[in-house]
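I have placed the structure first, in the form of structure tokens, so that the comments after it can refer back to it.
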Amino acid sequence: MSKIIAIANQKGGVGKTTTSVNLAACLASLGKKVLLVDIDPQGNTTSGLGINKADVSNCIYDVLINEVHPNEAMVETSVPGLKVIPATIQLAGAEIELVPTISRELRLKKSLHMVKNQFDYILIDCPPSLGILTINSLTAADSVLIPIQCEYYALEGLSQLLNTVRLVQKHLNTTLQIEGVLLTMLDARTNLGIQVIEEVKKYFQQKVYQTIIPRNVRLSEAPSHGQAIITYDPRSKGAEVYLELAKEVIMYEQAAR
Ligand code: ADP
Ligand code: MG
């Protein structure tokens with residue numbers, strides 16, 4: 001059984017990419033076969049895993065637009081068990097190029113279904129918008145993981161995201177579920193963070209992961225070294241919490257079965 005999880009929130013800077021890279025790497029370190037799909041034209045997941053975009057021959061753009069087989073776009077990473085389909089700036093054109101195409105919302109779903117059984121988990125790092133690339137991701141996914149930054153306007157904009165999820169459920173992917181809500185970048189020194197946690201829990205209830213990701217400098221340093229946190233600094237708090245999150249994700253999947 002494999003599972004496709006989209007990591008989405010149209011707000012930028014909430015921890016989508018950090019969560020995608022590190023959850024994927026931690027799942028792999030726990031023995032799972034993992035594919036991470038970068039579908040953000042900024043390609044932060046791609047560079048964050050040390051992939052030089054200039055060396056990429058096929059990226060997710062080629063999979064979506066030129067119907068390149070996803071196996072032809074996969075790149076190995078330094079984390080055993082983790083492969084990536086990279087994104088380059090080419091992808092910025094895809095939003096427009098997909099508009100006139102037939103079944104444009106289903107492109108990613110069709111591609112990932114060709115390789116789904118090679119993996120235990122496929123994670124998709126979404127761009128900070130609710131455009132066609134995010135719609136493709138939600139349509140391809142079994143579930144959506146929503147990172148929320150522990151800050152004052154945390155819940156702002158979430159109704160838009162949840163509306164989009166409902167529309168996708170209604171028209172494109174009736175079985176799409178909310179995987180979970182992840183609180184990120186908690187600053188333990190302020191009371192504000194605690195208030196936000198309470199507010200988010202009131203709203204999403206048991207959908208909120210027990211693991212909360214604190215602010216951790218090592219997490220923000222790792223991408224500039226082209227590494228996931230578990231290889232960059234395995235003893236850091238950041239490595240510890242993303243490993244906990246990976247265990248939680250696996251546990252929920254086993255419980256659901
Ligand atoms: P998004 O993909 O949602 O835009 P990112 O994962 O890129 O968000 O995070 C935004 C910025 O915050 C990045 O510079 C990242 O390194 C940093 N960051 C993310 N999570 C943490 C954390 N837990 N502690 C410290 N810095 C973080
Ligand atoms: Mg990002």
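We name chains A, B, ... following the order of the structure tokens; residues begin at 1 in each chain, and ligands are numbered from 1 as shown.
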
Would you name the residues within 6 Å of ligand 1, counting only C-alpha atoms and all ligand atoms, and put them as a compact mmCIF listing (two decimals) with C-alpha atoms, in the first residue's frame?
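Generated output (part_37.txt):
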```
# COMPACT_ATOMS: atom_id res chain seq x y z
CA GLY A 12 4.45 31.25 1.71
CA GLY A 13 6.98 30.71 4.45
CA VAL A 14 4.88 28.41 6.65
CA GLY A 15 7.25 25.43 6.45
CA LYS A 16 5.94 23.44 3.48
CA THR A 17 9.36 22.86 1.95
CA THR A 18 11.12 22.27 5.26
CA THR A 184 5.49 24.86 12.71
CA MET A 185 8.08 27.38 13.86
CA ILE A 213 7.90 21.83 15.15
CA PRO A 214 9.81 24.48 17.13
CA ARG A 215 12.01 27.16 15.62
CA ASN A 216 15.40 25.57 15.19
CA VAL A 217 18.31 27.31 13.52
CA LEU A 219 16.56 23.46 10.23
CA SER A 220 17.05 26.76 8.43
```

What residues have any atom no more than 12 Å from ligand 2 when counting only C-alpha atoms and all ligand atoms, and can you list them as JSON, numbers by chain?
{"A": [7, 8, 9, 10, 11, 12, 13, 14, 15, 16, 17, 18, 19, 20, 21, 37, 38, 39, 40, 41, 42, 43, 44, 45, 46, 47, 48, 87, 124, 125, 126, 127, 128, 129, 147, 223]}

Using only C-alpha atoms, I'd like a table of the residues in stretch 55-173 of chain A that come within 8 Å of stretch 24-30 of chain A; for each, show the closest atom pair and its distance in Å rounded to one decimal, ordered by chain and ascending number, as a Markdown table.
```
| residue | atom | partner | partner_atom | distance |
| --- | --- | --- | --- | --- |
| A:Val79 | CA | A:Ala25 | CA | 6.5 |
| A:Pro80 | CA | A:Ala28 | CA | 6.8 |
| A:Gly81 | CA | A:Ala28 | CA | 5.2 |
| A:Leu82 | CA | A:Ala28 | CA | 5.8 |
| A:Leu123 | CA | A:Ala24 | CA | 6.9 |
```

Counting only C-alpha atoms, the residue of A:Tyr209, A:Tyr242, A:Tyr61, A:Tyr152 that sits nearest A:Ala94:
A:Tyr61

Taking only C-alpha atoms into account, which of A:Ala256, A:Ile230, A:Ile148, A:Ile250 comes nearest A:Phe204?
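Smallest distance to A:Phe204 is found for A:Ile148.
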
As a VMD selection string, please: the residues near A:Asp142 (cut-off 10 Å, only C-alpha atoms, same-chain neighbours under 3 positions excluded).
chain A and resid 2 to 6 122 137 to 139 173 to 179

Write the residues of the selection above to a file with N, CA and C atoms, as a short mmCIF file (atom, residue, chain, number, x, y, z; two decimals), in the first residue's frame.
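This went into result.cif:
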```
data_model
loop_
_atom_site.label_atom_id
_atom_site.label_comp_id
_atom_site.auth_asym_id
_atom_site.auth_seq_id
_atom_site.Cartn_x
_atom_site.Cartn_y
_atom_site.Cartn_z
N SER A 2 0.66 2.11 -0.94
CA SER A 2 1.42 3.36 -0.92
C SER A 2 0.46 4.53 -0.75
N LYS A 3 1.02 5.63 -0.28
CA LYS A 3 0.19 6.77 0.03
C LYS A 3 0.80 8.04 -0.55
N ILE A 4 -0.04 8.86 -1.17
CA ILE A 4 0.42 10.13 -1.75
C ILE A 4 -0.09 11.27 -0.87
N ILE A 5 0.84 12.06 -0.35
CA ILE A 5 0.48 13.16 0.56
C ILE A 5 0.94 14.48 -0.05
N ALA A 6 -0.02 15.41 -0.25
CA ALA A 6 0.32 16.76 -0.72
C ALA A 6 0.55 17.65 0.50
N ILE A 122 4.63 8.94 -1.33
CA ILE A 122 5.00 9.98 -2.28
C ILE A 122 4.55 11.31 -1.66
N SER A 137 -1.90 18.67 -7.54
CA SER A 137 -1.36 17.94 -6.38
C SER A 137 -2.49 17.37 -5.53
N LEU A 138 -3.50 18.19 -5.26
CA LEU A 138 -4.63 17.73 -4.44
C LEU A 138 -5.42 16.64 -5.17
N THR A 139 -5.44 16.71 -6.48
CA THR A 139 -6.16 15.70 -7.26
C THR A 139 -5.40 14.37 -7.27
N ASN A 173 -11.53 14.60 -6.91
CA ASN A 173 -10.90 13.55 -6.10
C ASN A 173 -11.77 13.33 -4.85
N THR A 174 -12.78 12.47 -4.99
CA THR A 174 -13.77 12.32 -3.93
C THR A 174 -13.19 11.71 -2.66
N THR A 175 -12.05 11.04 -2.78
CA THR A 175 -11.50 10.36 -1.59
C THR A 175 -10.39 11.14 -0.90
N LEU A 176 -10.14 12.37 -1.35
CA LEU A 176 -9.09 13.19 -0.72
C LEU A 176 -9.43 13.44 0.76
N GLN A 177 -8.43 13.19 1.62
CA GLN A 177 -8.63 13.40 3.05
C GLN A 177 -7.67 14.45 3.59
N ILE A 178 -8.00 14.96 4.78
CA ILE A 178 -7.03 15.80 5.46
C ILE A 178 -6.13 14.86 6.27
N GLU A 179 -4.87 14.81 5.90
CA GLU A 179 -3.92 13.94 6.57
C GLU A 179 -3.67 14.43 7.99
#
```

Nearest to A:Ala92 by atom-to-atom distance, counting only C-alpha atoms, from A:Cys59, A:Leu245, A:Met74, A:Ile212:
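When distances to A:Ala92 are compared using only C-alpha atoms, the smallest one comes from A:Cys59.
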
Atom pair atom CA of A:Gly131 / atom CA of A:Gln227: separation (Å)
28.8 Å

Counting only C-alpha atoms, which of A:Arg166, A:Arg218, A:Lys247, A:Lys53 gets nearest to A:Arg235?
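Of the candidates, the smallest distance to A:Arg235 is held by A:Arg218.
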
Selected residue of minimal separation from A:Gln210 among A:Val241, A:Met114, A:Ile229, A:Leu172, counting only C-alpha atoms:
A:Val241

So which bits of stretch 23-187 of chain A end up alpha helix (DSSP H) when you DSSP the backbone, as JSON, numbers by chain?
{"A": [23, 24, 25, 26, 27, 28, 29, 44, 45, 46, 47, 48, 60, 61, 62, 63, 64, 65, 94, 95, 96, 97, 98, 107, 108, 109, 110, 111, 112, 113, 132, 133, 134, 135, 136, 137, 138, 139, 140, 158, 159, 160, 161, 162, 163, 164, 165, 166, 167, 168, 169, 170, 171]}

List every residue of stretch 110-227 of chain A that DSSP, applied to the backbone of this structure, places in strand (DSSP E or B), and write the result as a PyMOL selection string.
chain A and resi 121-125+143-149+177-184+186+208+214

Selection from above, C-alpha atoms, as a short mmCIF file (atom, residue, chain, number, x, y, z; two decimals), in the first residue's frame, can you write it?
```
data_model
loop_
_atom_site.label_atom_id
_atom_site.label_comp_id
_atom_site.auth_asym_id
_atom_site.auth_seq_id
_atom_site.Cartn_x
_atom_site.Cartn_y
_atom_site.Cartn_z
CA TYR A 121 5.10 7.32 0.39
CA ILE A 122 5.00 9.98 -2.28
CA LEU A 123 5.13 13.53 -0.88
CA ILE A 124 4.36 16.59 -3.01
CA ASP A 125 5.78 20.00 -2.04
CA SER A 143 -4.45 13.24 1.63
CA VAL A 144 -3.26 16.76 2.34
CA LEU A 145 -0.91 17.76 5.15
CA ILE A 146 -1.31 21.43 6.11
CA PRO A 147 1.60 23.19 7.84
CA ILE A 148 0.53 26.19 9.91
CA GLN A 149 3.01 28.67 11.30
CA GLN A 177 -8.63 13.40 3.05
CA ILE A 178 -7.03 15.80 5.46
CA GLU A 179 -3.92 13.94 6.57
CA GLY A 180 -3.17 16.31 9.41
CA VAL A 181 -2.38 19.83 10.49
CA LEU A 182 1.21 20.52 11.52
CA LEU A 183 2.12 23.44 13.75
CA THR A 184 5.49 24.86 12.71
CA LEU A 186 6.88 27.56 17.43
CA VAL A 208 -3.58 18.35 14.69
CA PRO A 214 9.81 24.48 17.13
#
```

What lies within 9 Å of stretch 75-77 of chain A using only C-alpha atoms, ignoring chain neighbours under 3 positions off, as a PyMOL selection string?
chain A and resi 49-51+56+71-72+80-86

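In this model, the gap between atom CA of A:Ala246 and atom CA of A:Asn52 comes to 26.7 Å.
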
Any idea what the distance is between atom CA of A:Leu130 and atom CA of A:Leu36?
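So the answer is 19.6 Å.
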
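If you measure from each of A:Ala239, A:Val115, A:Leu64, A:Leu161 to A:Ser103 using only C-alpha atoms, the closest one turns out to be A:Leu64.
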
Contacts of A:Tyr203 at 12 Å (only C-alpha atoms; same-chain gap of 2+ positions) as a count of residues only
16

Fewer than 2 positions away in the same chain doesn't count, so skip those; otherwise give me all residues within 8 Å of A:Leu106, counting only C-alpha atoms, as a PyMOL selection string.
chain A and resi 103-104+108-110+136+139-140

Keeping only C-alpha atoms, write the selected residues as a PDB file, in the first residue's frame.
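File produced: result.pdb:
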```
ATOM      1  CA  SER A 103      -7.903  17.093 -18.328  1.00  0.00           C
ATOM      2  CA  ARG A 104      -5.280  19.540 -17.126  1.00  0.00           C
ATOM      3  CA  LEU A 108       0.049  14.708 -12.080  1.00  0.00           C
ATOM      4  CA  LYS A 109      -2.365  12.006 -10.921  1.00  0.00           C
ATOM      5  CA  LYS A 110      -1.922  10.065 -14.165  1.00  0.00           C
ATOM      6  CA  ASN A 136      -3.015  18.891  -9.674  1.00  0.00           C
ATOM      7  CA  THR A 139      -6.156  15.700  -7.263  1.00  0.00           C
ATOM      8  CA  ALA A 140      -3.255  13.250  -7.272  1.00  0.00           C
TER       9      ALA A 140
END
```
